[in-house]
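Below is the file target.txt, which contains compact mmCIF, C-alpha atoms and all ligand atoms.
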# COMPACT_ATOMS: atom_id res chain seq x y z
CA GLY E 1 -35.28 3.66 36.83
CA ASP E 2 -37.95 3.85 39.52
CA LEU E 3 -39.50 0.37 39.48
CA LEU E 4 -38.91 0.11 43.22
CA ALA E 5 -39.61 3.70 44.26
CA GLY E 6 -41.24 3.80 47.69
CA LYS E 7 -40.27 0.18 48.42
CA ASN E 8 -38.37 -0.82 51.55
CA MET E 9 -36.10 -3.84 51.21
CA ILE E 10 -33.64 -5.74 53.34
CA VAL E 11 -30.44 -7.26 51.98
CA MET E 12 -28.86 -10.05 54.05
CA GLY E 13 -25.47 -11.53 53.16
CA VAL E 14 -23.14 -8.76 52.06
CA ALA E 15 -19.63 -9.73 53.19
CA ASN E 16 -17.56 -7.66 50.75
CA GLU E 17 -17.74 -5.91 47.38
CA ARG E 18 -17.67 -9.27 45.57
CA SER E 19 -20.72 -10.61 47.40
CA ILE E 20 -23.72 -11.46 45.24
CA ALA E 21 -25.86 -9.59 47.79
CA TRP E 22 -23.89 -6.41 47.09
CA SER E 23 -24.65 -6.63 43.39
CA ILE E 24 -28.32 -7.23 44.18
CA ALA E 25 -28.31 -4.19 46.46
CA GLN E 26 -26.94 -2.02 43.66
CA SER E 27 -29.64 -3.21 41.25
CA LEU E 28 -32.34 -2.53 43.86
CA ALA E 29 -30.96 0.91 44.71
CA GLY E 30 -30.76 1.67 40.99
CA GLN E 31 -34.54 1.30 40.85
CA GLY E 32 -35.14 3.56 43.83
CA ALA E 33 -35.56 1.04 46.67
CA ARG E 34 -34.71 2.08 50.21
CA LEU E 35 -32.38 -0.53 51.71
CA ALA E 36 -31.46 -2.07 55.03
CA PHE E 37 -28.30 -4.18 55.21
CA THR E 38 -27.56 -6.81 57.80
CA TYR E 39 -24.14 -8.07 58.80
CA GLU E 40 -23.27 -11.28 60.59
CA SER E 41 -20.72 -10.04 63.14
CA GLU E 42 -18.08 -7.41 63.88
CA ARG E 43 -15.84 -9.47 61.59
CA VAL E 44 -17.62 -8.01 58.53
CA GLU E 45 -19.27 -4.91 60.02
CA GLY E 46 -16.64 -2.43 58.80
CA ARG E 47 -16.75 -3.66 55.22
CA VAL E 48 -20.56 -3.76 55.10
CA ARG E 49 -20.84 -0.30 56.62
CA LYS E 50 -18.39 1.17 54.09
CA LEU E 51 -20.33 -0.32 51.17
CA ALA E 52 -23.80 0.49 52.53
CA GLU E 53 -22.83 4.11 53.14
CA THR E 54 -22.30 4.55 49.39
CA ILE E 55 -26.09 4.12 49.00
CA PRO E 56 -27.65 7.17 50.70
CA GLY E 57 -30.37 6.53 53.29
CA SER E 58 -29.39 2.90 53.93
CA LEU E 59 -29.94 1.28 57.30
CA ILE E 60 -27.27 -1.03 58.74
CA VAL E 61 -28.36 -3.63 61.30
CA PRO E 62 -26.51 -6.58 62.92
CA CYS E 63 -28.09 -10.01 62.46
CA ASN E 64 -26.45 -13.37 62.92
CA VAL E 65 -29.14 -15.68 61.55
CA THR E 66 -28.25 -18.50 63.94
CA VAL E 67 -29.57 -16.42 66.86
CA ASP E 68 -33.39 -16.04 67.10
CA GLU E 69 -33.12 -12.98 69.34
CA GLU E 70 -31.07 -11.15 66.71
CA ILE E 71 -33.77 -11.80 64.08
CA ASP E 72 -36.44 -10.63 66.57
CA LYS E 73 -34.44 -7.46 67.11
CA LEU E 74 -34.06 -6.99 63.36
CA ALA E 75 -37.84 -7.23 62.93
CA ALA E 76 -38.38 -4.62 65.66
CA THR E 77 -35.83 -2.25 64.11
CA LEU E 78 -37.36 -2.58 60.64
CA LYS E 79 -40.86 -2.04 62.03
CA GLU E 80 -39.66 1.16 63.67
CA GLU E 81 -37.61 2.50 60.76
CA PHE E 82 -39.59 1.26 57.73
CA ASP E 83 -43.00 0.37 59.18
CA VAL E 84 -43.86 -1.56 55.99
CA LEU E 85 -41.38 -3.97 54.35
CA HIS E 86 -41.66 -4.95 50.67
CA GLY E 87 -38.68 -7.14 49.92
CA ILE E 88 -36.19 -9.56 51.47
CA VAL E 89 -32.92 -10.70 49.91
CA HIS E 90 -31.51 -13.81 51.60
CA SER E 91 -27.99 -14.42 50.28
CA ILE E 92 -26.52 -16.43 53.14
CA ALA E 93 -24.92 -19.85 53.30
CA PHE E 94 -22.20 -21.59 55.27
CA ALA E 95 -20.55 -24.98 55.62
CA LYS E 96 -17.29 -26.00 57.24
CA SER E 97 -14.49 -26.23 54.67
CA GLU E 98 -13.84 -29.86 55.64
CA ASP E 99 -17.40 -30.62 54.50
CA LEU E 100 -16.78 -28.99 51.08
CA ALA E 101 -14.08 -31.43 49.99
CA GLY E 102 -13.68 -35.15 49.82
CA THR E 103 -16.82 -37.25 49.99
CA PHE E 104 -20.36 -36.43 51.14
CA VAL E 105 -20.61 -39.77 52.92
CA ASP E 106 -18.10 -38.49 55.49
CA THR E 107 -20.26 -35.52 56.57
CA SER E 108 -20.50 -35.23 60.35
CA ARG E 109 -23.80 -34.77 62.22
CA GLU E 110 -22.56 -31.41 63.47
CA GLY E 111 -21.38 -30.23 60.04
CA PHE E 112 -24.69 -31.24 58.51
CA ALA E 113 -26.68 -29.42 61.20
CA LEU E 114 -24.59 -26.26 60.93
CA ALA E 115 -24.82 -26.06 57.12
CA ASN E 116 -28.58 -26.58 57.20
CA ASP E 117 -29.14 -24.18 60.10
CA ILE E 118 -27.33 -21.25 58.42
CA SER E 119 -28.17 -22.04 54.80
CA VAL E 120 -31.77 -23.32 55.03
CA TYR E 121 -33.48 -22.73 58.36
CA SER E 122 -32.35 -19.10 58.36
CA LEU E 123 -34.73 -18.42 55.45
CA VAL E 124 -37.62 -19.84 57.45
CA ALA E 125 -36.65 -17.98 60.63
CA VAL E 126 -36.38 -14.68 58.74
CA ALA E 127 -39.61 -15.17 56.75
CA GLN E 128 -41.46 -16.06 59.97
CA ARG E 129 -40.50 -12.80 61.65
CA LEU E 130 -40.44 -10.38 58.71
CA ALA E 131 -43.51 -11.50 56.71
CA PRO E 132 -45.79 -9.78 59.27
CA LEU E 133 -44.17 -6.47 58.23
CA MET E 134 -45.04 -7.08 54.56
CA THR E 135 -48.56 -5.79 54.93
CA GLU E 136 -48.73 -4.52 51.35
CA GLY E 137 -47.50 -7.85 49.92
CA GLY E 138 -43.95 -8.33 48.76
CA ALA E 139 -41.26 -10.72 47.67
CA ILE E 140 -38.53 -12.86 49.18
CA THR E 141 -35.56 -13.99 47.08
CA THR E 142 -32.86 -16.46 48.10
CA MET E 143 -29.72 -17.84 46.41
CA THR E 144 -29.19 -21.44 45.37
CA TYR E 145 -26.86 -23.50 43.19
CA MET E 146 -27.13 -26.37 40.71
CA GLY E 147 -25.50 -28.67 43.26
CA ALA E 148 -29.06 -28.99 44.60
CA ASP E 149 -30.18 -30.77 41.43
CA ARG E 150 -27.21 -32.97 40.64
CA VAL E 151 -24.08 -34.24 42.25
CA MET E 152 -21.25 -31.75 41.84
CA ARG E 153 -17.78 -32.56 43.05
CA ASN E 154 -16.89 -31.11 46.48
CA TYR E 155 -20.24 -29.32 46.91
CA ASN E 156 -21.39 -32.18 49.14
CA VAL E 157 -23.35 -31.05 52.23
CA MET E 158 -24.11 -27.72 50.59
CA GLY E 159 -25.82 -29.51 47.69
CA VAL E 160 -28.13 -31.23 50.15
CA ALA E 161 -28.71 -27.94 51.96
CA LYS E 162 -29.56 -26.14 48.70
CA ALA E 163 -32.05 -28.91 47.80
CA GLY E 164 -33.66 -28.29 51.18
CA LEU E 165 -33.60 -24.55 50.58
CA GLN E 166 -35.38 -24.96 47.24
CA ALA E 167 -38.05 -27.12 48.86
CA ALA E 168 -38.39 -24.52 51.62
CA VAL E 169 -38.96 -21.88 48.93
CA ARG E 170 -41.94 -23.88 47.64
CA TYR E 171 -43.47 -24.41 51.09
CA LEU E 172 -42.96 -20.77 52.05
CA ALA E 173 -44.46 -19.64 48.72
CA ASN E 174 -47.55 -21.70 49.48
CA ASP E 175 -47.85 -20.43 53.06
CA LEU E 176 -47.28 -16.76 52.26
CA GLY E 177 -49.06 -16.57 48.90
CA PRO E 178 -52.43 -15.67 50.44
CA GLN E 179 -50.72 -12.55 51.87
CA GLN E 180 -49.44 -11.74 48.36
CA ILE E 181 -45.88 -12.48 49.41
CA ARG E 182 -43.92 -14.29 46.69
CA VAL E 183 -40.92 -16.50 47.42
CA ASN E 184 -38.36 -17.47 44.77
CA ALA E 185 -34.76 -18.63 44.41
CA ILE E 186 -32.07 -17.70 41.90
CA SER E 187 -29.76 -20.53 40.93
CA ALA E 188 -26.58 -18.71 39.96
CA GLY E 189 -23.67 -20.06 38.01
CA PRO E 190 -20.34 -20.19 39.87
CA ILE E 191 -18.95 -16.77 40.83
CA ARG E 192 -15.63 -16.10 42.55
CA THR E 193 -16.68 -14.74 45.97
CA LEU E 194 -15.60 -15.29 49.57
CA ALA E 195 -18.04 -18.22 49.87
CA ALA E 196 -16.60 -19.77 46.69
CA LYS E 197 -13.15 -19.80 48.34
CA GLY E 198 -14.46 -22.66 50.46
CA ILE E 199 -15.07 -24.88 47.43
CA SER E 200 -12.07 -26.95 46.38
CA ASP E 201 -11.01 -26.78 42.73
CA PHE E 202 -13.23 -23.77 41.94
CA ASN E 203 -11.06 -22.74 38.96
CA SER E 204 -11.81 -25.89 37.02
CA ILE E 205 -15.54 -25.36 37.66
CA LEU E 206 -15.31 -21.86 36.14
CA LYS E 207 -13.38 -23.21 33.16
CA GLN E 208 -16.05 -25.87 32.51
CA VAL E 209 -18.75 -23.20 32.45
CA GLU E 210 -16.77 -21.05 29.99
CA GLU E 211 -16.40 -24.01 27.68
CA LYS E 212 -19.88 -25.55 27.92
CA ALA E 213 -22.45 -22.91 28.88
CA PRO E 214 -24.56 -21.77 25.90
CA LEU E 215 -23.39 -18.18 26.48
CA ARG E 216 -19.72 -19.39 26.69
CA LYS E 217 -18.90 -17.23 29.70
CA THR E 218 -19.14 -17.35 33.46
CA THR E 219 -21.90 -15.64 35.40
CA GLU E 220 -21.41 -12.04 36.51
CA THR E 221 -22.85 -10.78 39.80
CA ALA E 222 -24.61 -7.92 37.98
CA GLU E 223 -26.62 -10.49 36.00
CA VAL E 224 -27.80 -12.01 39.26
CA GLY E 225 -28.47 -8.54 40.68
CA ASP E 226 -30.76 -7.59 37.82
CA THR E 227 -32.71 -10.87 38.00
CA ALA E 228 -33.16 -10.39 41.74
CA MET E 229 -34.42 -6.86 41.05
CA PHE E 230 -36.97 -8.34 38.61
CA LEU E 231 -38.06 -10.95 41.17
CA LEU E 232 -38.50 -8.26 43.82
CA SER E 233 -40.45 -5.97 41.50
CA HIS E 234 -44.02 -5.84 40.22
CA LEU E 235 -42.74 -7.17 36.86
CA SER E 236 -42.57 -10.71 38.29
CA ARG E 237 -45.95 -10.54 40.06
CA GLY E 238 -47.09 -13.87 38.57
CA ILE E 239 -44.03 -15.84 39.69
CA THR E 240 -43.71 -17.63 43.04
CA GLY E 241 -42.15 -20.82 44.38
CA GLU E 242 -39.72 -20.95 41.45
CA VAL E 243 -36.03 -21.47 40.91
CA ILE E 244 -34.74 -19.17 38.16
CA TYR E 245 -31.36 -20.09 36.65
CA VAL E 246 -28.94 -17.25 36.03
CA ASP E 247 -26.05 -19.33 34.74
CA GLY E 248 -25.58 -18.56 31.06
CA GLY E 249 -27.69 -21.63 30.37
CA TYR E 250 -25.16 -24.07 31.86
CA ASN E 251 -27.86 -26.18 33.53
CA ILE E 252 -29.37 -27.20 30.19
CA VAL E 253 -26.23 -28.79 28.79
CA GLY E 254 -24.22 -31.94 29.60
O1 LIG E 301 -20.55 -19.25 43.03
C1 LIG E 301 -21.14 -18.66 43.94
N1 LIG E 301 -20.50 -17.75 44.64
C2 LIG E 301 -22.56 -18.98 44.22
C3 LIG E 301 -23.14 -18.59 45.40
C4 LIG E 301 -23.32 -19.73 43.21
C5 LIG E 301 -24.69 -19.98 43.56
C6 LIG E 301 -25.20 -19.60 44.78
N2 LIG E 301 -24.42 -18.92 45.69
C7 LIG E 301 -25.04 -18.54 46.94
C8 LIG E 301 -24.31 -18.92 48.20
O2 LIG E 301 -24.48 -20.28 48.52
C9 LIG E 301 -25.00 -18.00 49.20
O3 LIG E 301 -26.26 -18.53 49.54
O4 LIG E 301 -25.15 -17.14 47.02
C10 LIG E 301 -25.22 -16.74 48.38
C11 LIG E 301 -24.21 -15.63 48.61
O5 LIG E 301 -22.92 -16.13 48.45
P1 LIG E 301 -21.67 -15.28 47.92
O6 LIG E 301 -22.07 -13.91 47.58
O7 LIG E 301 -21.01 -16.14 46.92
O8 LIG E 301 -20.69 -15.31 49.19
P2 LIG E 301 -20.28 -14.27 50.33
O9 LIG E 301 -19.88 -12.97 49.75
O10 LIG E 301 -19.27 -14.98 51.15
O11 LIG E 301 -21.60 -14.08 51.17
C12 LIG E 301 -22.18 -15.07 51.96
C13 LIG E 301 -22.33 -14.51 53.35
C14 LIG E 301 -21.26 -14.71 54.38
O12 LIG E 301 -20.05 -14.42 54.04
P3 LIG E 301 -18.79 -15.20 54.78
O13 LIG E 301 -17.99 -15.57 53.58
O14 LIG E 301 -18.21 -14.11 55.62
O15 LIG E 301 -19.28 -16.40 55.53
O16 LIG E 301 -23.34 -15.09 54.12
C15 LIG E 301 -23.23 -14.47 55.39
C16 LIG E 301 -21.88 -13.89 55.50
O17 LIG E 301 -21.88 -12.52 55.35
N3 LIG E 301 -23.38 -15.35 56.51
C17 LIG E 301 -24.16 -15.04 57.54
N4 LIG E 301 -24.98 -13.99 57.75
C18 LIG E 301 -25.65 -13.96 58.91
N5 LIG E 301 -25.53 -14.91 59.85
C19 LIG E 301 -23.99 -16.07 58.46
C20 LIG E 301 -24.72 -15.99 59.66
N6 LIG E 301 -24.63 -16.92 60.61
N7 LIG E 301 -23.10 -16.97 57.97
C21 LIG E 301 -22.74 -16.51 56.78

Could you express the structure from this file as structure tokens?
Amino acid sequence: GDLLAGKNMIVMGVANERSIAWSIAQSLAGQGARLAFTYESERVEGRVRKLAETIPGSLIVPCNVTVDEEIDKLAATLKEEFDVLHGIVHSIAFAKSEDLAGTFVDTSREGFALANDISVYSLVAVAQRLAPLMTEGGAITTMTYMGADRVMRNYNVMGVAKAGLQAAVRYLANDLGPQQIRVNAISAGPIRTLAAKGISDFNSILKQVEEKAPLRKTTETAEVGDTAMFLLSHLSRGITGEVIYVDGGYNIVG
């Protein structure tokens, strides 16, 4: 397809081939988008580079979202290489493993701050610096989870962070709407990725979804990728400030 022909988009949060961001990138590339990938540190650079190079014409830029200067530099690089930006994929989150087990009440001040800095404020920091490049309008899509809406075992500080992220989506949508920039979140069902490794007892969560979700299966990254493609395309031009569930319908049952 060519729904995104002539569109320049940035994908943040590819860590490996299982990453949700990687699936999103493939859906975007499949519709003709030109992509820039960011990587957090040398730790993941090799893997990101290898994947990105399979999509011809891709840009690969370092950006640790906890460092303002790195986001400034990213904006300058994109301005130079793309001039105009049309889409942003934010697929980044982090919490210390000790904060993703046991009880939420035990969360430390430092663990809370870190989880919210990387998982919530990063969306604001990125939107702040990249929205000025979206001079033809555009769309920003981030990733959330049902742990924002209800208490889910072990999700703890990340549930609170995702609730904040979803509220940030609404405020950003309101701020950037006049520039025809839409901001939405996808609430994905559980998927076995690197980030999911941090959640204790992930297998039983997957099993629950298989048993109870209306579609009786777990979520595949390609399903998330295609919804993200829709949210970043003209097809979703009337949608902003929303959370779209891509979870086989799990959120509507029990
Ligand atoms: O079940 C799941 N896997 C779900 C994930 C269900 C619903 C939502 N999500 C969300 C996550 O919370 C996250 O926001 O989707 C997003 C992507 O997660 P993923 O694809 O499951 O996980 P992963 O492949 O690990 O990608 C997240 C990446 C990091 O990976 P690692 O595992 O190396 O921390 O976020 C990036 C990093 O690449 N990241 C950063 N990027 C820039 N600067 C930073 C940072 N400081 N920290 C983490």

Write out as JSON lines the residues of chain E that have any atom within 7 Å of an atom of ligand LIG 301 (chain E), one row each with the nearest atom pair and its distance in Å to one decimal, counting all atoms listed in the file, sorted by chain and then rising number.
{"residue": "E:Met12", "atom": "CA", "partner": "E:LIG301", "partner_atom": "N4", "distance": 6.7}
{"residue": "E:Gly13", "atom": "CA", "partner": "E:LIG301", "partner_atom": "O16", "distance": 4.3}
{"residue": "E:Val14", "atom": "CA", "partner": "E:LIG301", "partner_atom": "O17", "distance": 5.2}
{"residue": "E:Ala15", "atom": "CA", "partner": "E:LIG301", "partner_atom": "O17", "distance": 4.2}
{"residue": "E:Asn16", "atom": "CA", "partner": "E:LIG301", "partner_atom": "O9", "distance": 5.9}
{"residue": "E:Arg18", "atom": "CA", "partner": "E:LIG301", "partner_atom": "O9", "distance": 6.0}
{"residue": "E:Ser19", "atom": "CA", "partner": "E:LIG301", "partner_atom": "O9", "distance": 3.4}
{"residue": "E:Ile20", "atom": "CA", "partner": "E:LIG301", "partner_atom": "O6", "distance": 3.8}
{"residue": "E:Ala21", "atom": "CA", "partner": "E:LIG301", "partner_atom": "O6", "distance": 5.8}
{"residue": "E:Tyr39", "atom": "CA", "partner": "E:LIG301", "partner_atom": "O17", "distance": 6.1}
{"residue": "E:Glu40", "atom": "CA", "partner": "E:LIG301", "partner_atom": "C18", "distance": 4.0}
{"residue": "E:Val44", "atom": "CA", "partner": "E:LIG301", "partner_atom": "O14", "distance": 6.8}
{"residue": "E:Cys63", "atom": "CA", "partner": "E:LIG301", "partner_atom": "C18", "distance": 5.8}
{"residue": "E:Asn64", "atom": "CA", "partner": "E:LIG301", "partner_atom": "N5", "distance": 3.6}
{"residue": "E:Val65", "atom": "CA", "partner": "E:LIG301", "partner_atom": "N5", "distance": 4.1}
{"residue": "E:Thr66", "atom": "CA", "partner": "E:LIG301", "partner_atom": "N6", "distance": 5.2}
{"residue": "E:Ser91", "atom": "CA", "partner": "E:LIG301", "partner_atom": "C10", "distance": 4.1}
{"residue": "E:Ile92", "atom": "CA", "partner": "E:LIG301", "partner_atom": "O16", "distance": 3.6}
{"residue": "E:Ala93", "atom": "CA", "partner": "E:LIG301", "partner_atom": "O3", "distance": 4.2}
{"residue": "E:Phe94", "atom": "CA", "partner": "E:LIG301", "partner_atom": "C21", "distance": 5.3}
{"residue": "E:Ile118", "atom": "CA", "partner": "E:LIG301", "partner_atom": "N6", "distance": 5.6}
{"residue": "E:Ser119", "atom": "CA", "partner": "E:LIG301", "partner_atom": "O3", "distance": 6.6}
{"residue": "E:Met143", "atom": "CA", "partner": "E:LIG301", "partner_atom": "O4", "distance": 4.7}
{"residue": "E:Thr144", "atom": "CA", "partner": "E:LIG301", "partner_atom": "C6", "distance": 4.4}
{"residue": "E:Tyr145", "atom": "CA", "partner": "E:LIG301", "partner_atom": "C5", "distance": 4.2}
{"residue": "E:Ser187", "atom": "CA", "partner": "E:LIG301", "partner_atom": "C5", "distance": 5.7}
{"residue": "E:Ala188", "atom": "CA", "partner": "E:LIG301", "partner_atom": "C5", "distance": 4.3}
{"residue": "E:Gly189", "atom": "CA", "partner": "E:LIG301", "partner_atom": "C4", "distance": 5.2}
{"residue": "E:Pro190", "atom": "CA", "partner": "E:LIG301", "partner_atom": "O1", "distance": 3.3}
{"residue": "E:Ile191", "atom": "CA", "partner": "E:LIG301", "partner_atom": "O1", "distance": 3.7}
{"residue": "E:Arg192", "atom": "CA", "partner": "E:LIG301", "partner_atom": "N1", "distance": 5.6}
{"residue": "E:Thr193", "atom": "CA", "partner": "E:LIG301", "partner_atom": "O7", "distance": 4.6}
{"residue": "E:Leu194", "atom": "CA", "partner": "E:LIG301", "partner_atom": "O10", "distance": 4.0}
{"residue": "E:Ala195", "atom": "CA", "partner": "E:LIG301", "partner_atom": "O10", "distance": 3.7}
{"residue": "E:Ala196", "atom": "CA", "partner": "E:LIG301", "partner_atom": "N1", "distance": 4.8}

> In terms of the shortest atom-to-atom distance over only C-alpha atoms, which of E:Val124, E:Leu114, E:Leu232, E:Ala213 is closest to Tyr171 in chain E?
Replying inline: E:Val124

>> For a quick check of understanding, using only C-alpha atoms, which of E:Gln179, E:Asn184, E:Ser200, E:Ser122 has the smallest distance to Ala167 in chain E?
In response: E:Asn184

> Which is closest to Gly1 in chain E among E:Gln31, E:Thr103, E:Thr221, E:Ser41, if we use all atoms listed in the file?
Replying inline: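 Closest to Gly1 in chain E of all the choices is E:Gln31.
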
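Using all atoms listed in the file, the contacts of range 125-135 of chain E at a cut-off of 6 Å, with sequence neighbours closer than 2 positions omitted, comprise Ala75, Val84, Leu85, His86, Ser122, Leu123 and Gly137 of chain E.
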
>> With 12 Å as the threshold, what does the neighbourhood of (-30.9, -26.0, 36.3) contain in terms of residues, counting all atoms listed in the file? Coordinates are those of the file; answer as a PyMOL selection string.
In response: chain E and resi 144-150+163+166+185-189+213+242-254

Keeping only C-alpha atoms, write those residues as an mmCIF file, in the frame of the given file.
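In the end it all went to result.cif:
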data_model
loop_
_atom_site.group_PDB
_atom_site.id
_atom_site.type_symbol
_atom_site.label_atom_id
_atom_site.label_comp_id
_atom_site.auth_asym_id
_atom_site.auth_seq_id
_atom_site.Cartn_x
_atom_site.Cartn_y
_atom_site.Cartn_z
ATOM 1 C CA THR E 144 -29.190 -21.440 45.370
ATOM 2 C CA TYR E 145 -26.860 -23.500 43.190
ATOM 3 C CA MET E 146 -27.130 -26.370 40.710
ATOM 4 C CA GLY E 147 -25.500 -28.670 43.260
ATOM 5 C CA ALA E 148 -29.060 -28.990 44.600
ATOM 6 C CA ASP E 149 -30.180 -30.770 41.430
ATOM 7 C CA ARG E 150 -27.210 -32.970 40.640
ATOM 8 C CA ALA E 163 -32.050 -28.910 47.800
ATOM 9 C CA GLN E 166 -35.380 -24.960 47.240
ATOM 10 C CA ALA E 185 -34.760 -18.630 44.410
ATOM 11 C CA ILE E 186 -32.070 -17.700 41.900
ATOM 12 C CA SER E 187 -29.760 -20.530 40.930
ATOM 13 C CA ALA E 188 -26.580 -18.710 39.960
ATOM 14 C CA GLY E 189 -23.670 -20.060 38.010
ATOM 15 C CA ALA E 213 -22.450 -22.910 28.880
ATOM 16 C CA GLU E 242 -39.720 -20.950 41.450
ATOM 17 C CA VAL E 243 -36.030 -21.470 40.910
ATOM 18 C CA ILE E 244 -34.740 -19.170 38.160
ATOM 19 C CA TYR E 245 -31.360 -20.090 36.650
ATOM 20 C CA VAL E 246 -28.940 -17.250 36.030
ATOM 21 C CA ASP E 247 -26.050 -19.330 34.740
ATOM 22 C CA GLY E 248 -25.580 -18.560 31.060
ATOM 23 C CA GLY E 249 -27.690 -21.630 30.370
ATOM 24 C CA TYR E 250 -25.160 -24.070 31.860
ATOM 25 C CA ASN E 251 -27.860 -26.180 33.530
ATOM 26 C CA ILE E 252 -29.370 -27.200 30.190
ATOM 27 C CA VAL E 253 -26.230 -28.790 28.790
ATOM 28 C CA GLY E 254 -24.220 -31.940 29.600
#

>> I'd like the interatomic distance between CA of Glu53 in chain E and CA of Ala36 in chain E, to a tenth of an Å.
In response: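 Straight-line distance from CA of Glu53 in chain E to CA of Ala36 in chain E works out to 10.8 Å.
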
Any chance you could model N, CA and C atoms for range 234-248 of chain E and send them as a PDB file, keeping the file's coordinate frame?
ATOM      1  N   HIS E 234     -42.682  -5.598  40.747  1.00  0.00           N
ATOM      2  CA  HIS E 234     -44.020  -5.840  40.220  1.00  0.00           C
ATOM      3  C   HIS E 234     -43.976  -6.616  38.895  1.00  0.00           C
ATOM      4  N   LEU E 235     -42.860  -6.497  38.166  1.00  0.00           N
ATOM      5  CA  LEU E 235     -42.740  -7.170  36.860  1.00  0.00           C
ATOM      6  C   LEU E 235     -42.896  -8.681  36.968  1.00  0.00           C
ATOM      7  N   SER E 236     -42.533  -9.251  38.112  1.00  0.00           N
ATOM      8  CA  SER E 236     -42.570 -10.710  38.290  1.00  0.00           C
ATOM      9  C   SER E 236     -43.784 -11.143  39.115  1.00  0.00           C
ATOM     10  N   ARG E 237     -44.817 -10.318  39.144  1.00  0.00           N
ATOM     11  CA  ARG E 237     -45.950 -10.540  40.060  1.00  0.00           C
ATOM     12  C   ARG E 237     -46.644 -11.887  39.907  1.00  0.00           C
ATOM     13  N   GLY E 238     -46.459 -12.560  38.759  1.00  0.00           N
ATOM     14  CA  GLY E 238     -47.090 -13.870  38.570  1.00  0.00           C
ATOM     15  C   GLY E 238     -46.196 -15.039  38.929  1.00  0.00           C
ATOM     16  N   ILE E 239     -45.008 -14.767  39.452  1.00  0.00           N
ATOM     17  CA  ILE E 239     -44.030 -15.840  39.690  1.00  0.00           C
ATOM     18  C   ILE E 239     -43.819 -16.063  41.180  1.00  0.00           C
ATOM     19  N   THR E 240     -44.063 -17.288  41.651  1.00  0.00           N
ATOM     20  CA  THR E 240     -43.710 -17.630  43.040  1.00  0.00           C
ATOM     21  C   THR E 240     -43.397 -19.109  43.170  1.00  0.00           C
ATOM     22  N   GLY E 241     -42.535 -19.435  44.117  1.00  0.00           N
ATOM     23  CA  GLY E 241     -42.150 -20.820  44.380  1.00  0.00           C
ATOM     24  C   GLY E 241     -41.178 -21.379  43.349  1.00  0.00           C
ATOM     25  N   GLU E 242     -40.562 -20.504  42.564  1.00  0.00           N
ATOM     26  CA  GLU E 242     -39.720 -20.950  41.450  1.00  0.00           C
ATOM     27  C   GLU E 242     -38.230 -20.838  41.735  1.00  0.00           C
ATOM     28  N   VAL E 243     -37.490 -21.614  40.954  1.00  0.00           N
ATOM     29  CA  VAL E 243     -36.030 -21.470  40.910  1.00  0.00           C
ATOM     30  C   VAL E 243     -35.682 -20.966  39.512  1.00  0.00           C
ATOM     31  N   ILE E 244     -35.110 -19.773  39.439  1.00  0.00           N
ATOM     32  CA  ILE E 244     -34.740 -19.170  38.160  1.00  0.00           C
ATOM     33  C   ILE E 244     -33.218 -19.306  37.982  1.00  0.00           C
ATOM     34  N   TYR E 245     -32.795 -19.908  36.889  1.00  0.00           N
ATOM     35  CA  TYR E 245     -31.360 -20.090  36.650  1.00  0.00           C
ATOM     36  C   TYR E 245     -30.764 -18.860  35.995  1.00  0.00           C
ATOM     37  N   VAL E 246     -29.714 -18.334  36.623  1.00  0.00           N
ATOM     38  CA  VAL E 246     -28.940 -17.250  36.030  1.00  0.00           C
ATOM     39  C   VAL E 246     -27.521 -17.795  35.914  1.00  0.00           C
ATOM     40  N   ASP E 247     -27.299 -18.555  34.857  1.00  0.00           N
ATOM     41  CA  ASP E 247     -26.050 -19.330  34.740  1.00  0.00           C
ATOM     42  C   ASP E 247     -25.566 -19.433  33.302  1.00  0.00           C
ATOM     43  N   GLY E 248     -25.984 -18.501  32.454  1.00  0.00           N
ATOM     44  CA  GLY E 248     -25.580 -18.560  31.060  1.00  0.00           C
ATOM     45  C   GLY E 248     -26.111 -19.793  30.341  1.00  0.00           C
TER      46      GLY E 248
END
